[in-house]
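Here's the structure, in structure tokens; my notes come after.
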Amino acid sequence: MTAAQTTLPFSPGAPTPYVHGYSADESRRLNDQAGTLAELLHGGTAYPPGSTVLEVGCGVGAQTVHLAAASPGARLVAVDVSEDSLAQARARVPGVEFRRADLHDLPFPDASFDHLFVCFVLEHLPDPGAALSGLRRVLRPGGSLTVIEGDHGSAFLHPDSPHARAAIDCLVRLQSAGGGDGLLGRRLYPLLTAAGYTDVQVRPRTVYVDGGRPELAEGFTRNTFTAMVAGVRDEAVAAGLITPADFDRGVRDLLRAAEPDGTFHYAFLKARALRPE
């Protein structure tokens, strides 16, 4: 099954395709990404013992494992609509309550949770603002929401390559055609404020890779970012966005940036906000 034939793992009624698909390779990429970036993305996120935390769109549990490790005394509930993904998550992270649920119709009473955690979900939704507004219902007044998103427009590399930039743009355009937004990170502040949250703080979490960081070159440049771009090759070519030769050149140039004399940069945006009292 191609990405264009799949539906979102957290909104079964929505027509938006999950551009990365649900293959075993994608599961590995998500786990590689979460492991490589755990300190960067999860630093500063820990919930007190006895608090209730909801992770929305947990997928295969790639982020859940780090949430659970950082907050062992919290009660963690994680939801997704893909039973296959949830089965992987349950096997990976014991002690977490995993439930099948759509983020647009959560089966929880009002103000059920002290904290919400949403990572790499909004970029795939046709109306992320409406999703954020709806999530406010299950968050108690004064409770916190943490959101993490990427922004593919923040990627740059050395040696620079127009072919690499064109391949990245294919991913952005395919996601946009499906109703998502691969540039959503830059929109977090206005989305959260418009959705009625207060005390909104958005900070960049930057990945910079050079020859002195070979573990990031392998874990992020190669196995996370380039693998993500390479995964849309067939869809990009079929859509007429690029030729096979040009796309393959772009992937080779992204891999070239992971060599000892290359560099790569990418920015994630992490936001924290509160539901008004």
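Scheme for the structure tokens: letters A, B, ... for chains in order shown; per-chain residue numbers from 1; ligand numbers from 1 in order shown.
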Next on the checklist: Can you pull out the residues contacting Phe247 of chain A? Cut-off 12 Å, using only C-alpha atoms, and skip same-chain residues under 4 positions away; I want them as JSON, numbers by chain.
Outcome noted: {"A": [161, 162, 163, 164, 165, 166, 167, 168, 169, 170, 171, 226, 229, 230, 231, 232, 233, 234, 235, 236, 237, 238, 240, 241, 242, 243, 251, 252, 253, 254]}
Next on the checklist: Excluding segment 120-131 of chain A and its own-chain neighbours fewer than 5 positions away, which residues fall within 6 Å of it when counting only C-alpha atoms? Please give them as an MDAnalysis selection string.
Outcome noted: chainID A and resid 149 179:182 184 191
Next, dump the selected residues to file, keeping only N, CA, C and O atoms, as a CSV table (one decimal), in the first residue's frame.
```csv
chain,number,residue,atom,x,y,z
A,149,GLU,N,6.7,20.0,16.4
A,149,GLU,CA,6.5,19.8,15.0
A,149,GLU,C,7.8,20.2,14.3
A,149,GLU,O,8.6,20.9,14.8
A,179,GLY,N,-3.5,17.9,2.0
A,179,GLY,CA,-4.2,18.7,3.1
A,179,GLY,C,-3.3,18.9,4.3
A,179,GLY,O,-3.7,19.6,5.2
A,180,GLY,N,-2.1,18.4,4.3
A,180,GLY,CA,-1.2,18.6,5.5
A,180,GLY,C,-0.3,19.8,5.2
A,180,GLY,O,-0.4,20.6,4.3
A,181,ASP,N,0.7,19.9,6.1
A,181,ASP,CA,1.6,21.1,6.0
A,181,ASP,C,3.0,20.7,6.6
A,181,ASP,O,3.2,20.6,7.8
A,182,GLY,N,4.0,20.4,5.7
A,182,GLY,CA,5.3,20.1,6.1
A,182,GLY,C,6.1,21.3,6.6
A,182,GLY,O,7.2,21.1,7.1
A,184,LEU,N,4.7,23.3,9.0
A,184,LEU,CA,3.8,23.7,10.1
A,184,LEU,C,4.5,24.3,11.3
A,184,LEU,O,3.9,25.1,12.0
A,191,LEU,N,-1.3,29.3,15.7
A,191,LEU,CA,-2.3,28.3,15.8
A,191,LEU,C,-2.8,28.1,17.3
A,191,LEU,O,-4.0,28.0,17.6
```
Show which residues sit within 7 Å of segment 202-211 of chain A, as a PDB file with C-alpha atoms, in the first residue's frame. Count only C-alpha atoms, and ignore same-chain residues fewer than 4 positions away.
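Heads up, here's the output in part-v1.pdb:
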```
ATOM      1  CA  LEU A  40      16.717  17.301  22.015  1.00  0.00           C
ATOM      2  CA  LEU A  41      12.950  16.865  21.782  1.00  0.00           C
ATOM      3  CA  TYR A 189       2.383  30.170  17.929  1.00  0.00           C
ATOM      4  CA  LEU A 216      23.882  12.363  14.347  1.00  0.00           C
ATOM      5  CA  ALA A 217      25.016  11.981  10.745  1.00  0.00           C
ATOM      6  CA  GLU A 259      29.956  12.557   5.064  1.00  0.00           C
ATOM      7  CA  PRO A 260      32.731  13.824   7.399  1.00  0.00           C
ATOM      8  CA  ASP A 261      33.204  17.051   5.404  1.00  0.00           C
ATOM      9  CA  GLY A 262      29.473  17.729   5.023  1.00  0.00           C
ATOM     10  CA  THR A 263      27.001  19.537   7.296  1.00  0.00           C
ATOM     11  CA  PHE A 264      23.240  19.429   7.787  1.00  0.00           C
ATOM     12  CA  HIS A 265      20.781  21.616   9.700  1.00  0.00           C
ATOM     13  CA  TYR A 266      17.135  21.174  10.648  1.00  0.00           C
ATOM     14  CA  ALA A 267      14.883  22.905  13.172  1.00  0.00           C
ATOM     15  CA  PHE A 268      12.052  21.417  15.176  1.00  0.00           C
ATOM     16  CA  LEU A 269       9.694  23.756  17.017  1.00  0.00           C
ATOM     17  CA  LYS A 270       8.528  22.845  20.520  1.00  0.00           C
ATOM     18  CA  ALA A 271       5.616  24.695  22.055  1.00  0.00           C
ATOM     19  CA  ARG A 272       4.160  24.693  25.542  1.00  0.00           C
TER      20      ARG A 272
END
```
Item to check | Nearest residue to His104 of chain A from the set A:Val56, A:Thr146, A:Gln88, A:Val65 (distances using only C-alpha atoms) | outcome: A:Val56
Nearby residues (only C-alpha atoms) at most 12 Å from Ala111 of chain A, same-chain spacing under 6 positions excluded, as a short mmCIF file (atom, residue, chain, number, x, y, z; two decimals) with N, CA, C and O atoms, in the first residue's frame:
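The resulting part_31.cif:
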```
data_model
loop_
_atom_site.label_atom_id
_atom_site.label_comp_id
_atom_site.auth_asym_id
_atom_site.auth_seq_id
_atom_site.Cartn_x
_atom_site.Cartn_y
_atom_site.Cartn_z
N THR A 52 -1.99 13.03 35.32
CA THR A 52 -2.53 12.27 34.19
C THR A 52 -2.11 12.94 32.89
O THR A 52 -2.27 14.15 32.72
N VAL A 53 -1.57 12.13 31.99
CA VAL A 53 -1.00 12.65 30.74
C VAL A 53 -1.61 11.88 29.57
O VAL A 53 -1.67 10.64 29.59
N LEU A 54 -2.03 12.61 28.55
CA LEU A 54 -2.54 12.00 27.32
C LEU A 54 -1.61 12.32 26.17
O LEU A 54 -1.36 13.49 25.87
N GLY A 134 -10.31 21.43 19.76
CA GLY A 134 -11.04 20.29 20.28
C GLY A 134 -10.32 19.60 21.43
O GLY A 134 -10.96 19.12 22.38
N LEU A 135 -9.00 19.55 21.37
CA LEU A 135 -8.23 18.90 22.43
C LEU A 135 -8.36 19.63 23.76
O LEU A 135 -8.21 19.03 24.83
N ARG A 136 -8.66 20.91 23.70
CA ARG A 136 -8.78 21.70 24.93
C ARG A 136 -9.85 21.13 25.86
O ARG A 136 -9.76 21.25 27.09
N ARG A 137 -10.84 20.46 25.28
CA ARG A 137 -11.95 19.93 26.09
C ARG A 137 -11.48 18.94 27.15
O ARG A 137 -11.99 18.93 28.28
N VAL A 138 -10.53 18.07 26.80
CA VAL A 138 -10.12 17.02 27.74
C VAL A 138 -8.99 17.46 28.67
O VAL A 138 -8.54 16.69 29.51
N LEU A 139 -8.53 18.68 28.53
CA LEU A 139 -7.46 19.22 29.37
C LEU A 139 -8.08 20.04 30.50
O LEU A 139 -8.95 20.88 30.26
N ARG A 140 -7.64 19.80 31.72
CA ARG A 140 -8.20 20.56 32.84
C ARG A 140 -7.78 22.02 32.76
O ARG A 140 -6.70 22.34 32.21
N PRO A 141 -8.58 22.93 33.29
CA PRO A 141 -8.16 24.33 33.34
C PRO A 141 -6.82 24.47 34.06
O PRO A 141 -6.61 23.90 35.13
N GLY A 142 -5.91 25.19 33.46
CA GLY A 142 -4.57 25.33 34.00
C GLY A 142 -3.62 24.23 33.57
O GLY A 142 -2.42 24.31 33.87
N GLY A 143 -4.13 23.21 32.89
CA GLY A 143 -3.28 22.12 32.42
C GLY A 143 -2.45 22.53 31.23
O GLY A 143 -2.74 23.51 30.54
N SER A 144 -1.39 21.77 30.96
CA SER A 144 -0.44 22.14 29.90
C SER A 144 -0.59 21.28 28.67
O SER A 144 -0.95 20.09 28.73
N ARG A 275 -4.17 25.65 29.14
CA ARG A 275 -5.61 25.94 29.01
C ARG A 275 -5.97 26.98 30.06
O ARG A 275 -5.59 26.85 31.23
N PRO A 276 -6.67 28.03 29.67
CA PRO A 276 -6.99 29.08 30.65
C PRO A 276 -7.76 28.51 31.84
O PRO A 276 -8.55 27.57 31.71
N GLU A 277 -7.52 29.10 32.99
CA GLU A 277 -8.23 28.72 34.22
C GLU A 277 -9.72 29.09 34.09
O GLU A 277 -10.07 30.07 33.46
#
```
Next on the checklist: Report, in Å with one decimal, the straight-line distance from atom CA of Arg90 of chain A to atom CA of Gly61 of chain A.
Outcome noted: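 Computed distance, atom CA of Arg90 of chain A to atom CA of Gly61 of chain A, equals 7.7 Å.
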Next on the checklist: To one decimal place in Å, what is the distance between atom CA of Phe156 of chain A and atom CA of Val60 of chain A?
Outcome noted: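 The value is 28.8 Å.
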